[in-house]
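K.L.:
So I've got this file, model03.txt, and it contains compact mmCIF, C-alpha atoms:
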# COMPACT_ATOMS: atom_id res chain seq x y z
CA MET A 1086 0.00 0.00 0.00
CA LEU A 1087 2.80 2.46 0.92
CA ASP A 1088 4.93 1.94 -2.15
CA TYR A 1089 7.10 4.67 -3.69
CA ASP A 1090 4.27 5.82 -5.96
CA LYS A 1091 2.18 6.70 -2.83
CA PHE A 1092 4.52 9.52 -1.82
CA ASP A 1093 1.74 12.12 -1.51
CA LEU A 1094 -0.28 9.82 0.75
CA ILE A 1095 2.74 9.09 2.96
CA LYS A 1096 3.47 12.81 3.19
CA LYS A 1097 -0.11 13.56 4.23
CA LEU A 1098 -0.10 10.77 6.86
CA LEU A 1099 3.15 12.01 8.39
CA LYS A 1100 1.86 15.58 8.49
CA SER A 1101 -1.39 14.47 10.18
CA ARG A 1102 0.01 11.65 12.35
CA ALA A 1103 -1.15 13.25 15.62
CA ARG A 1104 -4.69 13.66 14.26
CA VAL A 1105 -4.71 10.03 13.07
CA VAL A 1106 -3.55 8.74 16.48
CA TRP A 1107 -6.05 10.68 18.60
CA CYS A 1108 -9.02 10.12 16.28
CA THR A 1109 -8.23 6.40 16.17
CA ARG A 1110 -8.12 6.23 19.98
CA LEU A 1111 -11.46 8.01 20.23
CA ALA A 1112 -13.03 5.69 17.66
CA ARG A 1113 -11.79 2.59 19.51
CA ALA A 1114 -13.06 3.71 22.93
CA GLN A 1115 -15.17 0.92 24.44
CA ASP A 1116 -17.45 3.10 26.56
CA GLU A 1117 -18.25 6.71 27.41
CA ASP A 1118 -15.88 6.79 30.42
CA GLU A 1119 -12.89 5.74 28.31
CA LYS A 1120 -13.86 8.31 25.68
CA ASN A 1121 -14.09 11.09 28.34
CA ALA A 1122 -10.65 10.09 29.67
CA ILE A 1123 -9.14 10.43 26.18
CA VAL A 1124 -10.82 13.83 25.79
CA GLU A 1125 -9.25 14.98 29.08
CA GLN A 1126 -5.82 13.84 27.88
CA MET A 1127 -6.31 15.75 24.63
CA SER A 1128 -7.38 18.89 26.50
CA ALA A 1129 -4.15 18.78 28.52
CA ARG A 1130 -1.94 18.82 25.40
CA PRO A 1131 -1.88 21.92 23.14
CA GLU A 1132 -1.55 19.97 19.89
CA ALA A 1133 -4.27 17.50 20.82
CA ALA A 1134 -6.49 20.32 22.13
CA ALA A 1135 -6.39 21.97 18.71
CA ILE A 1136 -7.48 18.66 17.14
CA LEU A 1137 -10.32 18.42 19.66
CA ASP A 1138 -11.50 21.97 18.85
CA ALA A 1139 -11.46 21.15 15.12
CA MET A 1140 -13.53 18.02 15.77
CA ARG A 1141 -16.09 19.98 17.77
CA LEU A 1142 -16.31 22.64 15.05
CA THR A 1143 -16.82 19.95 12.42
CA GLY A 1144 -19.55 18.38 14.54
CA GLU A 1145 -21.30 21.72 14.90
CA ARG A 1146 -21.17 22.24 11.13
CA ALA A 1147 -22.54 18.76 10.54
CA SER A 1148 -25.37 19.44 13.01
CA ALA A 1149 -26.12 22.73 11.29
CA ARG A 1150 -26.22 21.01 7.91
CA ALA A 1151 -28.49 18.32 9.33
CA ARG A 1152 -30.86 20.97 10.74
CA GLU A 1153 -30.84 22.82 7.43
CA SER A 1154 -31.52 19.63 5.49
CA LYS A 1155 -34.37 18.73 7.87
CA MET A 1156 -35.88 22.20 7.46
CA GLU A 1157 -35.66 21.95 3.64
CA SER A 1158 -37.36 18.56 3.71
CA LYS A 1159 -40.12 19.95 5.90
CA ILE A 1160 -40.64 22.90 3.52
CA ARG A 1161 -40.78 20.59 0.50
CA GLU A 1162 -43.31 18.34 2.24
CA GLU A 1163 -45.47 21.34 3.12
CA ALA A 1164 -45.25 22.60 -0.48
CA ARG A 1165 -46.33 19.19 -1.81
CA ARG A 1166 -49.27 19.15 0.60
CA LEU A 1167 -50.35 22.65 -0.43
CA ARG A 1168 -50.04 21.81 -4.13
CA GLY A 1169 -52.19 18.76 -3.57
CA GLU A 1170 -54.87 20.86 -1.85
CA VAL A 1171 -54.81 23.48 -4.63
CA ALA A 1172 -55.09 20.79 -7.29
CA ALA A 1173 -58.05 19.26 -5.45
CA ASP A 1174 -59.77 22.66 -5.15
CA VAL A 1175 -59.28 23.35 -8.87
CA ALA A 1176 -60.68 19.94 -9.79
CA ASP A 1177 -63.73 20.46 -7.55
CA ALA A 1178 -64.39 24.00 -8.73
CA GLY A 1179 -64.53 23.04 -12.42
CA HIS A 1180 -63.66 26.40 -13.93
CA GLY A 1181 -64.37 25.23 -17.46
CA ALA A 1182 -61.84 24.54 -20.18
CA ALA A 1183 -59.17 26.85 -18.74
CA ALA A 1184 -59.19 25.06 -15.40
CA ALA A 1185 -59.41 21.63 -17.00
CA GLY A 1186 -56.31 22.36 -19.12
CA ARG A 1187 -54.11 23.10 -16.14
CA LYS A 1188 -51.54 20.54 -15.09
CA MET A 1189 -49.42 20.47 -11.94
CA LEU A 1190 -45.75 19.65 -12.53
CA GLU A 1191 -43.66 17.94 -9.87
CA LEU A 1192 -40.28 19.64 -10.36
CA ASP A 1193 -38.44 17.27 -8.03
CA ALA A 1194 -39.57 14.32 -10.14
CA LEU A 1195 -38.14 15.96 -13.27
CA ALA A 1196 -34.62 16.34 -11.84
CA PHE A 1197 -31.94 13.97 -13.12
CA ALA A 1198 -30.79 11.60 -10.42
CA ALA A 1199 -27.32 11.50 -11.95
CA GLY A 1200 -27.03 15.28 -12.13
CA SER A 1201 -24.16 16.46 -14.33
CA ARG A 1202 -22.88 12.86 -14.48
CA LEU A 1203 -25.82 11.72 -16.60
CA MET A 1204 -24.77 9.29 -19.33
CA ALA A 1205 -27.47 8.55 -21.89
CA ASN A 1206 -25.49 5.70 -23.46
CA LYS A 1207 -26.38 2.70 -21.33
CA ARG A 1208 -23.78 0.42 -22.89
CA CYS A 1209 -20.32 1.28 -24.16
CA GLU A 1210 -18.32 -1.21 -26.19
CA LEU A 1211 -14.96 -0.92 -27.90
CA PRO A 1212 -14.78 -1.71 -31.63
CA ALA A 1213 -13.92 -5.22 -32.72
CA GLY A 1214 -10.21 -5.93 -32.51
CA SER A 1215 -9.63 -3.62 -29.53
CA TYR A 1216 -7.76 -4.81 -26.46
CA ARG A 1217 -6.59 -3.48 -23.10
CA SER A 1218 -3.06 -3.64 -21.74
CA ALA A 1219 -2.48 -3.01 -18.02
CA LYS A 1220 0.72 -1.12 -17.22
CA LYS A 1221 2.20 0.02 -13.94
CA GLY A 1222 0.14 3.02 -12.92
CA TYR A 1223 -1.93 3.24 -16.10
CA GLU A 1224 -3.86 1.25 -18.67
CA GLU A 1225 -3.48 1.23 -22.44
CA VAL A 1226 -6.48 0.75 -24.73
CA HIS A 1227 -5.60 -0.21 -28.29
CA ILE A 1228 -8.24 0.51 -30.92
CA PRO A 1229 -7.65 -0.55 -34.54
CA ALA A 1230 -7.70 2.11 -37.24
CA LEU A 1231 -10.85 2.45 -39.29
CA LYS A 1232 -10.77 0.91 -42.71
CA PRO A 1233 -11.39 3.44 -45.52
CA LYS A 1234 -14.60 3.17 -47.45
CA ALA A 1235 -14.46 1.70 -50.90
CA PHE A 1236 -14.18 4.11 -53.82
CA ALA A 1237 -17.39 5.00 -55.62
CA ASP A 1238 -17.74 4.10 -59.31
CA ASN A 1239 -17.06 7.67 -60.44
CA GLU A 1240 -14.36 8.37 -57.84
CA ALA A 1241 -10.62 8.34 -58.58
CA LEU A 1242 -7.43 9.96 -57.32
CA ARG A 1243 -6.19 12.99 -59.24
CA THR A 1244 -2.66 12.48 -60.57
CA ILE A 1245 -0.16 15.31 -60.53
CA GLU A 1246 -0.04 15.07 -64.34
CA GLU A 1247 -3.64 16.36 -64.43
CA ILE A 1248 -2.54 19.58 -62.74
CA PRO A 1249 -1.26 22.35 -65.06
CA SER A 1250 2.41 21.74 -65.85
CA TRP A 1251 3.56 25.11 -64.45
CA ALA A 1252 2.25 24.02 -60.98
CA HIS A 1253 4.08 20.66 -60.88
CA PRO A 1254 7.11 22.00 -58.90
CA ALA A 1255 4.80 22.75 -55.95
CA PHE A 1256 4.02 19.01 -55.69
CA LYS A 1257 7.53 17.68 -56.28
CA GLY A 1258 7.86 14.04 -55.19
CA MET A 1259 4.10 13.38 -55.26
CA LYS A 1260 2.42 11.13 -57.81
CA SER A 1261 -1.19 11.93 -56.98
CA LEU A 1262 -3.46 13.82 -54.61
CA ASN A 1263 -5.13 11.92 -51.80
CA ARG A 1264 -8.83 11.17 -51.59
CA VAL A 1265 -9.91 14.40 -49.86
CA GLN A 1266 -7.75 16.56 -52.11
CA SER A 1267 -9.04 14.82 -55.23
CA GLN A 1268 -12.66 15.47 -54.26
CA VAL A 1269 -12.15 19.22 -53.80
CA TYR A 1270 -9.62 19.69 -56.64
CA GLU A 1271 -12.03 21.30 -59.09
CA THR A 1272 -13.33 23.79 -56.50
CA ALA A 1273 -9.90 24.60 -55.04
CA MET A 1274 -7.85 24.75 -58.23
CA LEU A 1275 -10.26 25.51 -61.04
CA SER A 1276 -12.88 27.70 -59.37
CA PRO A 1277 -12.84 31.11 -57.58
CA GLU A 1278 -15.62 29.99 -55.22
CA ASN A 1279 -15.25 30.15 -51.43
CA LEU A 1280 -14.32 26.87 -49.80
CA LEU A 1281 -14.93 25.60 -46.27
CA LEU A 1282 -13.12 22.33 -45.51
CA CYS A 1283 -13.51 20.32 -42.30
CA ALA A 1284 -11.12 17.38 -42.08
CA PRO A 1285 -9.05 15.71 -39.32
CA THR A 1286 -5.33 16.18 -38.77
CA GLY A 1287 -3.27 14.56 -41.52
CA ALA A 1288 -6.07 14.67 -44.10
CA GLY A 1289 -4.05 16.94 -46.40
CA LYS A 1290 -5.60 20.37 -45.78
CA THR A 1291 -2.26 22.12 -46.37
CA ASN A 1292 -2.06 20.75 -49.91
CA ILE A 1293 -5.60 21.96 -50.53
CA ALA A 1294 -4.50 25.43 -49.37
CA MET A 1295 -1.64 25.10 -51.88
CA LEU A 1296 -4.19 24.37 -54.63
CA THR A 1297 -6.07 27.59 -53.81
CA VAL A 1298 -2.79 29.54 -53.84
CA LEU A 1299 -1.91 28.09 -57.24
CA HIS A 1300 -5.38 29.00 -58.53
CA GLU A 1301 -4.79 32.64 -57.60
CA ILE A 1302 -1.34 32.61 -59.22
CA GLY A 1303 -2.75 31.03 -62.38
CA ALA A 1304 -5.46 33.69 -62.57
CA HIS A 1305 -2.79 36.41 -63.02
CA PHE A 1306 -0.83 34.95 -65.93
CA ASP A 1307 -0.40 37.26 -68.92
CA ASP A 1308 -1.04 36.22 -72.50
CA ASP A 1309 2.66 35.52 -72.97
CA GLY A 1310 2.71 33.08 -70.05
CA GLU A 1311 4.28 35.43 -67.50
CA TRP A 1312 2.56 36.35 -64.24
CA ASN A 1313 2.57 39.75 -62.58
CA GLY A 1314 3.09 39.49 -58.82
CA ASP A 1315 2.41 43.18 -58.26
CA ASP A 1316 -1.28 42.79 -59.06
CA PHE A 1317 -2.28 40.71 -56.03
CA LYS A 1318 -1.36 39.47 -52.57
CA ILE A 1319 -2.13 36.11 -50.96
CA VAL A 1320 -2.77 36.09 -47.19
CA TYR A 1321 -2.55 32.85 -45.20
CA VAL A 1322 -3.91 33.24 -41.63
CA ALA A 1323 -2.57 30.59 -39.25
CA PRO A 1324 -4.01 30.19 -35.73
CA MET A 1325 -0.61 30.21 -33.95
CA LYS A 1326 2.82 31.78 -34.49
CA ALA A 1327 4.53 28.38 -34.42
CA LEU A 1328 2.25 27.14 -37.20
CA ALA A 1329 2.79 30.35 -39.16
CA ALA A 1330 6.56 29.77 -39.13
CA GLU A 1331 6.07 26.16 -40.23
CA VAL A 1332 3.75 27.16 -43.09
CA THR A 1333 6.16 29.90 -44.20
CA ASN A 1334 9.07 27.46 -44.46
CA ALA A 1335 7.01 24.84 -46.31
CA PHE A 1336 5.40 27.21 -48.82
CA SER A 1337 8.65 29.13 -49.41
CA ARG A 1338 10.39 25.90 -50.40
CA ARG A 1339 7.58 24.64 -52.61
CA LEU A 1340 6.81 27.97 -54.35
CA ALA A 1341 10.42 29.09 -54.86
CA PRO A 1342 10.63 27.47 -58.34
CA LEU A 1343 7.68 29.65 -59.39
CA GLY A 1344 9.37 32.83 -58.17
CA ILE A 1345 6.86 33.36 -55.36
CA THR A 1346 8.15 35.17 -52.26
CA VAL A 1347 6.61 33.98 -48.97
CA ARG A 1348 7.23 35.86 -45.70
CA GLU A 1349 5.98 35.57 -42.13
CA LEU A 1350 4.26 38.54 -40.48
CA THR A 1351 3.55 37.89 -36.77
CA GLY A 1352 4.33 39.47 -33.43
CA ASP A 1353 7.85 38.02 -33.62
CA THR A 1354 8.64 39.41 -37.07
CA GLN A 1355 8.38 42.79 -38.75
CA LEU A 1356 8.38 43.61 -42.46
CA THR A 1357 9.39 46.89 -44.02
CA LYS A 1358 7.23 48.55 -46.64
CA LYS A 1359 9.63 47.41 -49.35
CA GLU A 1360 9.53 43.81 -48.11
CA LEU A 1361 5.73 43.89 -48.10
CA GLU A 1362 5.72 45.14 -51.69
CA GLU A 1363 8.11 42.36 -52.74
CA THR A 1364 6.14 39.65 -50.93
CA THR A 1365 3.48 37.76 -52.86
CA MET A 1366 2.24 35.55 -50.01
CA ILE A 1367 1.98 36.77 -46.39
CA VAL A 1368 1.61 34.23 -43.58
CA THR A 1369 0.22 35.88 -40.44
CA THR A 1370 -1.91 35.28 -37.32
CA PRO A 1371 -5.42 36.62 -36.59
CA GLU A 1372 -4.15 39.06 -33.95
CA LYS A 1373 -1.43 40.54 -36.19
CA TRP A 1374 -3.70 40.77 -39.21
CA ASP A 1375 -6.34 42.54 -37.11
CA ILE A 1376 -3.74 45.11 -36.01
CA ILE A 1377 -2.33 45.93 -39.43
CA THR A 1378 -5.73 46.11 -41.15
In structure tokens, write the structure found in this file.
P.N.:
Amino acid sequence: MLDYDKFDLIKKLLKSRARVVWCTRLARAQDEDEKNAIVEQMSARPEAAAILDAMRLTGERASARARESKMESKIREEARRLRGEVAADVADAGHGAAAAGRKMLELDALAFAAGSRLMANKRCELPAGSYRSAKKGYEEVHIPALKPKAFADNEALRTIEEIPSWAHPAFKGMKSLNRVQSQVYETAMLSPENLLLCAPTGAGKTNIAMLTVLHEIGAHFDDDGEWNGDDFKIVYVAPMKALAAEVTNAFSRRLAPLGITVRELTGDTQLTKKELEETTMIVTTPEKWDIIT
């Protein structure tokens, strides 16, 4: 019981050893005389006397709570009795449709017995293939990964070759988009429509953001195949400064072959007016963007 991992318990027992000793002696007293003798011994010792005063104060609080609880019960019982009498009077009076439509609600009966700990799911089971592994001080629960749904008849992954050739450097080393990216490719890359994407971590949302960036770049190509970076700015708003730095590094590397300049603009970094003019894509945070706009 008192192993090394019970250090906090041992510390508390040592700190309260006098309280444990005297309370144990009082609890083991065989009769009232023995209990009174122990109380006299406690009164004669300053440390034990303080414990005795604390016990008396606790007893007084418990008695007060008991009296309060008894009074509340009595009030509730009286309220129930009065509601019953009122309901009987209304039923006897027969005040027509208005009186007949009234209904008395028992609020105590509507309260959840479990309170805030209510759990509507009566039975919880782990998926098939799950298992538990007991470790020292904790327990591991292993749940197998979900198997992906089968592809629909008209569903297929978009290959990088289907993307315009000028955008291939941004996807260097990739052969195709994943399932989520393939489904939103036409909206992200080929359409100026707004896009709201909700997907878990690792689903490829960053590559979808890259598709939208490439769409904006492609929309500003001249007739001779050159693009003018002075005509537009791309703003990427990241929720945290750490993520903004990560996105800046990733997009700078991937867009460098296209001549796109990506810079971070957060509370930790400052850009001059010239740097802002030279930057095509700005990666910032909500707080910083709110300040500068």
K.L.:
Let me make sure I understand: among A:Leu1262, A:Pro1249, A:Asp1316, A:Asn1292, which one has the smallest atom-to-atom distance to Leu1275 of chain A if we use all atoms listed in the file?
P.N.:
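Going through A:Leu1262, A:Pro1249, A:Asp1316, A:Asn1292 one by one, the smallest distance to Leu1275 of chain A is for A:Pro1249.
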K.L.:
Tell me which of A:Gln1268, A:Glu1240, A:Ala1151, A:Glu1191 sits closest to Arg1166 of chain A, counting all atoms listed in the file.
P.N.:
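Nearest to Arg1166 of chain A: A:Glu1191.
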K.L.:
In Å, how far is it from atom CA of Val1124 of chain A to atom CA of Leu1098 of chain A?
P.N.:
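Going from atom CA of Val1124 of chain A over to atom CA of Leu1098 of chain A, I get 22.0 Å.
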K.L.:
Identify, on the basis of all atoms listed in the file, every residue whose closest approach to segment 1125-1137 of chain A does not exceed 12 Å; exclude the query and any residue fewer than 4 positions from it along the same chain; express the result as a short mmCIF file (atom, residue, chain, number, x, y, z; two decimals) with C-alpha atoms, in the coordinates of the input.
P.N.:
data_model
loop_
_atom_site.label_atom_id
_atom_site.label_comp_id
_atom_site.auth_asym_id
_atom_site.auth_seq_id
_atom_site.Cartn_x
_atom_site.Cartn_y
_atom_site.Cartn_z
CA SER A 1101 -1.39 14.47 10.18
CA ARG A 1102 0.01 11.65 12.35
CA ALA A 1103 -1.15 13.25 15.62
CA ARG A 1104 -4.69 13.66 14.26
CA VAL A 1105 -4.71 10.03 13.07
CA VAL A 1106 -3.55 8.74 16.48
CA TRP A 1107 -6.05 10.68 18.60
CA CYS A 1108 -9.02 10.12 16.28
CA ARG A 1110 -8.12 6.23 19.98
CA LEU A 1111 -11.46 8.01 20.23
CA ASP A 1118 -15.88 6.79 30.42
CA GLU A 1119 -12.89 5.74 28.31
CA LYS A 1120 -13.86 8.31 25.68
CA ASN A 1121 -14.09 11.09 28.34
CA ARG A 1141 -16.09 19.98 17.77
CA LEU A 1142 -16.31 22.64 15.05
CA THR A 1143 -16.82 19.95 12.42
CA GLY A 1144 -19.55 18.38 14.54
#
K.L.:
Hey, can you check how far atom CA of Ala1329 of chain A sits from atom CA of Pro1277 of chain A?
P.N.:
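A separation of 24.2 Å between them.
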K.L.:
Quick one: distance from atom CA of Gly1303 of chain A to atom CA of Lys1359 of chain A in Å, one decimal?
P.N.:
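Computing the Euclidean distance for atom CA of Gly1303 of chain A and atom CA of Lys1359 of chain A yields 24.3 Å.
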K.L.:
Determine the nearest neighbour of Thr1297 of chain A from the options A:Ala1330, A:Ala1252, A:Met1325, A:Ala1114, counting all atoms listed in the file.
P.N.:
A:Ala1252
K.L.:
Which segment 1218-1323 of chain A residues have any atom within 12 Å of an atom of segment 1345-1348 of chain A, and for each, what is the nearest pair of atoms with distance in Å to one decimal, counting only C-alpha atoms, rows sorted by chain and number, as CSV?
P.N.:
residue,atom,partner,partner_atom,distance
A:Ala1252,CA,A:Ile1345,CA,11.8
A:Pro1254,CA,A:Ile1345,CA,11.9
A:Ala1255,CA,A:Ile1345,CA,10.8
A:Val1298,CA,A:Ile1345,CA,10.5
A:Leu1299,CA,A:Ile1345,CA,10.4
A:Glu1301,CA,A:Ile1345,CA,11.9
A:Ile1302,CA,A:Ile1345,CA,9.1
A:Trp1312,CA,A:Ile1345,CA,10.3
A:Asn1313,CA,A:Ile1345,CA,10.6
A:Gly1314,CA,A:Ile1345,CA,8.0
A:Asp1315,CA,A:Ile1345,CA,11.2
A:Phe1317,CA,A:Ile1345,CA,11.7
A:Lys1318,CA,A:Val1347,CA,10.3
A:Ile1319,CA,A:Val1347,CA,9.2
A:Val1320,CA,A:Val1347,CA,9.8
A:Tyr1321,CA,A:Val1347,CA,10.0
K.L.:
Name the residues in contact with Ala1213 of chain A at a cut-off of 12 Å, using only C-alpha atoms, excluding same-chain residues fewer than 2 positions from it; report them as a list in words.
P.N.:
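In the requested format, the answer is Glu1210, Leu1211, Ser1215, Tyr1216, His1227, Ile1228, Pro1229, Ala1230 and Leu1231 of chain A.
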K.L.:
So that I can check the surroundings of Pro1371 of chain A, please list as an mmCIF file with C-alpha atoms, keeping the file's coordinate frame every protein, DNA and RNA residue that reaches within 9 Å of it, counting only C-alpha atoms and ignoring chain neighbours fewer than 4 positions away.
P.N.:
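Output file out-v2.cif follows:
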data_model
loop_
_atom_site.group_PDB
_atom_site.id
_atom_site.type_symbol
_atom_site.label_atom_id
_atom_site.label_comp_id
_atom_site.auth_asym_id
_atom_site.auth_seq_id
_atom_site.Cartn_x
_atom_site.Cartn_y
_atom_site.Cartn_z
ATOM 1 C CA VAL A 1322 -3.910 33.240 -41.630
ATOM 2 C CA ALA A 1323 -2.570 30.590 -39.250
ATOM 3 C CA PRO A 1324 -4.010 30.190 -35.730
ATOM 4 C CA MET A 1325 -0.610 30.210 -33.950
ATOM 5 C CA ASP A 1375 -6.340 42.540 -37.110
ATOM 6 C CA ILE A 1376 -3.740 45.110 -36.010
#
K.L.:
Just save segment 1299-1313 of chain A with N, CA, C and O atoms, as a CSV table (one decimal), in the first residue's frame.
P.N.:
chain,number,residue,atom,x,y,z
A,1299,LEU,N,-2.3,28.3,-55.8
A,1299,LEU,CA,-1.9,28.1,-57.2
A,1299,LEU,C,-3.0,28.6,-58.2
A,1299,LEU,O,-2.7,29.1,-59.2
A,1300,HIS,N,-4.3,28.5,-57.7
A,1300,HIS,CA,-5.4,29.0,-58.5
A,1300,HIS,C,-5.3,30.5,-58.7
A,1300,HIS,O,-5.4,31.1,-59.8
A,1301,GLU,N,-4.9,31.2,-57.6
A,1301,GLU,CA,-4.8,32.6,-57.6
A,1301,GLU,C,-3.6,33.1,-58.5
A,1301,GLU,O,-3.7,34.1,-59.2
A,1302,ILE,N,-2.5,32.3,-58.4
A,1302,ILE,CA,-1.3,32.6,-59.2
A,1302,ILE,C,-1.7,32.4,-60.7
A,1302,ILE,O,-1.4,33.3,-61.5
A,1303,GLY,N,-2.4,31.3,-61.0
A,1303,GLY,CA,-2.8,31.0,-62.4
A,1303,GLY,C,-3.7,32.0,-63.0
A,1303,GLY,O,-3.7,32.3,-64.2
A,1304,ALA,N,-4.5,32.7,-62.1
A,1304,ALA,CA,-5.5,33.7,-62.6
A,1304,ALA,C,-4.8,35.0,-63.0
A,1304,ALA,O,-5.5,35.9,-63.6
A,1305,HIS,N,-3.5,35.2,-62.7
A,1305,HIS,CA,-2.8,36.4,-63.0
A,1305,HIS,C,-1.7,36.2,-64.0
A,1305,HIS,O,-0.7,37.0,-64.1
A,1306,PHE,N,-1.8,35.1,-64.8
A,1306,PHE,CA,-0.8,35.0,-65.9
A,1306,PHE,C,-1.2,35.9,-67.1
A,1306,PHE,O,-2.4,36.0,-67.4
A,1307,ASP,N,-0.2,36.4,-67.7
A,1307,ASP,CA,-0.4,37.3,-68.9
A,1307,ASP,C,-0.6,36.4,-70.1
A,1307,ASP,O,-0.4,35.1,-70.1
A,1308,ASP,N,-0.9,37.0,-71.3
A,1308,ASP,CA,-1.0,36.2,-72.5
A,1308,ASP,C,0.2,35.5,-72.9
A,1308,ASP,O,0.2,34.5,-73.6
A,1309,ASP,N,1.4,36.1,-72.6
A,1309,ASP,CA,2.7,35.5,-73.0
A,1309,ASP,C,3.2,34.5,-72.0
A,1309,ASP,O,4.3,34.0,-72.1
A,1310,GLY,N,2.3,34.1,-71.0
A,1310,GLY,CA,2.7,33.1,-70.0
A,1310,GLY,C,3.4,33.6,-68.8
A,1310,GLY,O,3.8,32.8,-68.0
A,1311,GLU,N,3.6,34.9,-68.7
A,1311,GLU,CA,4.3,35.4,-67.5
A,1311,GLU,C,3.2,35.9,-66.5
A,1311,GLU,O,2.2,36.4,-66.9
A,1312,TRP,N,3.5,35.9,-65.2
A,1312,TRP,CA,2.6,36.3,-64.2
A,1312,TRP,C,3.1,37.6,-63.6
A,1312,TRP,O,4.3,37.8,-63.4
A,1313,ASN,N,2.2,38.5,-63.2
A,1313,ASN,CA,2.6,39.8,-62.6
A,1313,ASN,C,2.3,39.7,-61.1
A,1313,ASN,O,1.1,39.8,-60.7
